Amino acid sequence: MTISRKMTALAAALAVALGSATYAAATLKRADAPQPIRIGIVSFLTGAAAAPFGIPAQDAAKLLIDRLNKGKVPAPYNIRGFGGHRLQAVYVDEAGGASQAVSNYRQLVQSQNVDLVIGYISSGDCLALAPVVEELKKFTIFFDCGTSSLFQKPLAYGFRTAGDQANDAIAAARYVLTVKGKSNVQSIAGINQNYAWGQDNWKTFSEAMKVLNPDVDVKSSLFPTLFSGQYSTEISRILSDQATVTYSSFWGGDLDSLLQQGIPRGLGQATQLILSTADTALPEFGSRFPAGIIVGARGPHGALAPEDNALNQWFVGEYQKAYGKVPVYPAYHMAQAILGAKASYELAMKKFKTASPTEKQWRAKLRGLTFDTPSGKISMTRALGHQAIEGSAYGISDGYDAKLGRVKLTKVIRYSPKCLTAPPGFFLYDWIARGFPGATCP
């Protein structure tokens, strides 16, 4: 064999050896790489609740998962993914009712093999799913649904990283009495959807009003069918009642329909409207949103989020950059769920000295956790550490600011969790009936 042929053969052998070594190193690297974490994300993607609620929530999930995977979320969330584990999302439509929600949940857990489920806007869906979550023993975060009934029975696997409707309704009662004065609130009426969310809201608001202003007269308590879309009869009834204040926890397409049908008939002028979820309608209506409406956002979110919060400034900026609009409160609720999951996962890694905590270890560190969000700190201190304690905020719409491109809110009042939450050992309605003992309010 000539010298040149020997050199060629040696080079070829060296190339094979180097190639094998490279392949082995790559294989080892893949084997050692942290396994991805699969998250089922459920929200309304079709139907009346999609545009104002479900899609903004999904958009927030997509944004955060992308930025987390790139390590581009500000501290304390600047570690890539969850502790270095890349996130994979499986997006599911919540539309279809409680039975369909249960079926889809089973598929996520049993067929899609997700590590965590984050989802559910409808209180009816949450109540139907709670026993299934316990049956399948799957770590689940209810990110939005607000019924106070969710934790009537303790849950081991289910959590909620946002406040419930009681915060919204009690804050609404306190707010309207502050801005209008007790003597000017002679009567109240309500229009709320006929299921757990609407019924809980009206009971809490009306009971709170009767304690805070004992002389108030309760007029109509209307409960139209969820997503019926037509409210001409109910609007006529409210207008004829001439109540000083009308409270509504309508959300999604029902809220939009109530405004579209009621405002031209003078609904916002004949009675002081309090809309506990109106934040989602502000971008939708823009300059058409009437002045003088009391606006809520299911907590200090959306238009009522703290402007001096650095994480909120980042979130709003990134959301606007990605989608060309401001985030509304369902997007904030989704952010709370994802960031709570991340904070608890990484705390479990540290506590249990492992790169891949078990689901049990992960759940254990969310229980009772306090963590940072765009809306401020969230503390999981209710329902044995499975439910967040959260404050609330309300303001009054005051026209459209064309320069800023948003509806202005004035007379904003923020309420701490200590003002709105029954202390341990108190059932909600007993606490209200006894005059809110222990409450600390502005």
# chains A, B, ... in the order shown; residues from 1 in each chain; ligands from 1
>>> residues_around(residues="A:Asn213", least_positions_apart="4", cutoff="9 Å", atoms="only C-alpha atoms", output="number ranges by chain")
A: 177, 182-183, 185-186, 208-209
>>> residues_around(residues="A:Leu339", least_positions_apart="3", cutoff="8 Å", atoms="only C-alpha atoms", output="count of residues only")
8
>>> residues_around(residues="stretch 318-334 of chain A", least_positions_apart="4", cutoff="9 Å", atoms="only C-alpha atoms", output="ChimeraX atom specification")
/A:52-61,63,118-119,121,143-144,161-162,277,279-283,297-305,313-314,338-339,373-375
>>> residues_around(residues="A:Arg434", least_positions_apart="5", cutoff="12 Å", atoms="only C-alpha atoms", output="VMD selection string")
chain A and resid 207 to 208 210 to 212 422 426 to 429 439
>>> write_last_selection(atoms="N, CA and C atoms", output="compact mmCIF listing (two decimals), in the first residue's frame")
# COMPACT_ATOMS: atom_id res chain seq x y z
N GLU A 207 -76.14 40.08 50.31
CA GLU A 207 -75.98 39.90 51.76
C GLU A 207 -75.01 40.94 52.33
N ALA A 208 -73.93 41.21 51.60
CA ALA A 208 -72.98 42.22 52.05
C ALA A 208 -73.63 43.60 52.11
N LYS A 210 -76.78 44.32 52.56
CA LYS A 210 -77.75 44.40 53.65
C LYS A 210 -77.08 44.59 55.01
N VAL A 211 -75.86 44.07 55.15
CA VAL A 211 -75.12 44.26 56.40
C VAL A 211 -74.48 45.65 56.45
N LEU A 212 -73.89 46.07 55.33
CA LEU A 212 -73.20 47.36 55.28
C LEU A 212 -74.17 48.54 55.23
N ALA A 422 -62.91 35.93 54.54
CA ALA A 422 -63.30 35.42 55.85
C ALA A 422 -62.10 34.77 56.54
N PHE A 426 -64.29 30.72 59.79
CA PHE A 426 -65.56 31.36 59.45
C PHE A 426 -66.07 30.86 58.10
N PHE A 427 -67.32 30.47 58.05
CA PHE A 427 -68.00 30.23 56.78
C PHE A 427 -68.37 31.59 56.20
N LEU A 428 -68.25 31.75 54.89
CA LEU A 428 -68.39 33.04 54.24
C LEU A 428 -69.63 33.81 54.70
N TYR A 429 -70.80 33.17 54.61
CA TYR A 429 -72.04 33.93 54.87
C TYR A 429 -72.25 34.17 56.36
N ALA A 439 -62.11 42.20 59.56
CA ALA A 439 -61.81 42.81 58.27
C ALA A 439 -61.06 44.13 58.47
>>> closest_residue(among="A:Glu359, A:Asp115, A:Glu134, A:Asp200", to="A:Ala166", atoms="only C-alpha atoms")
A:Asp200
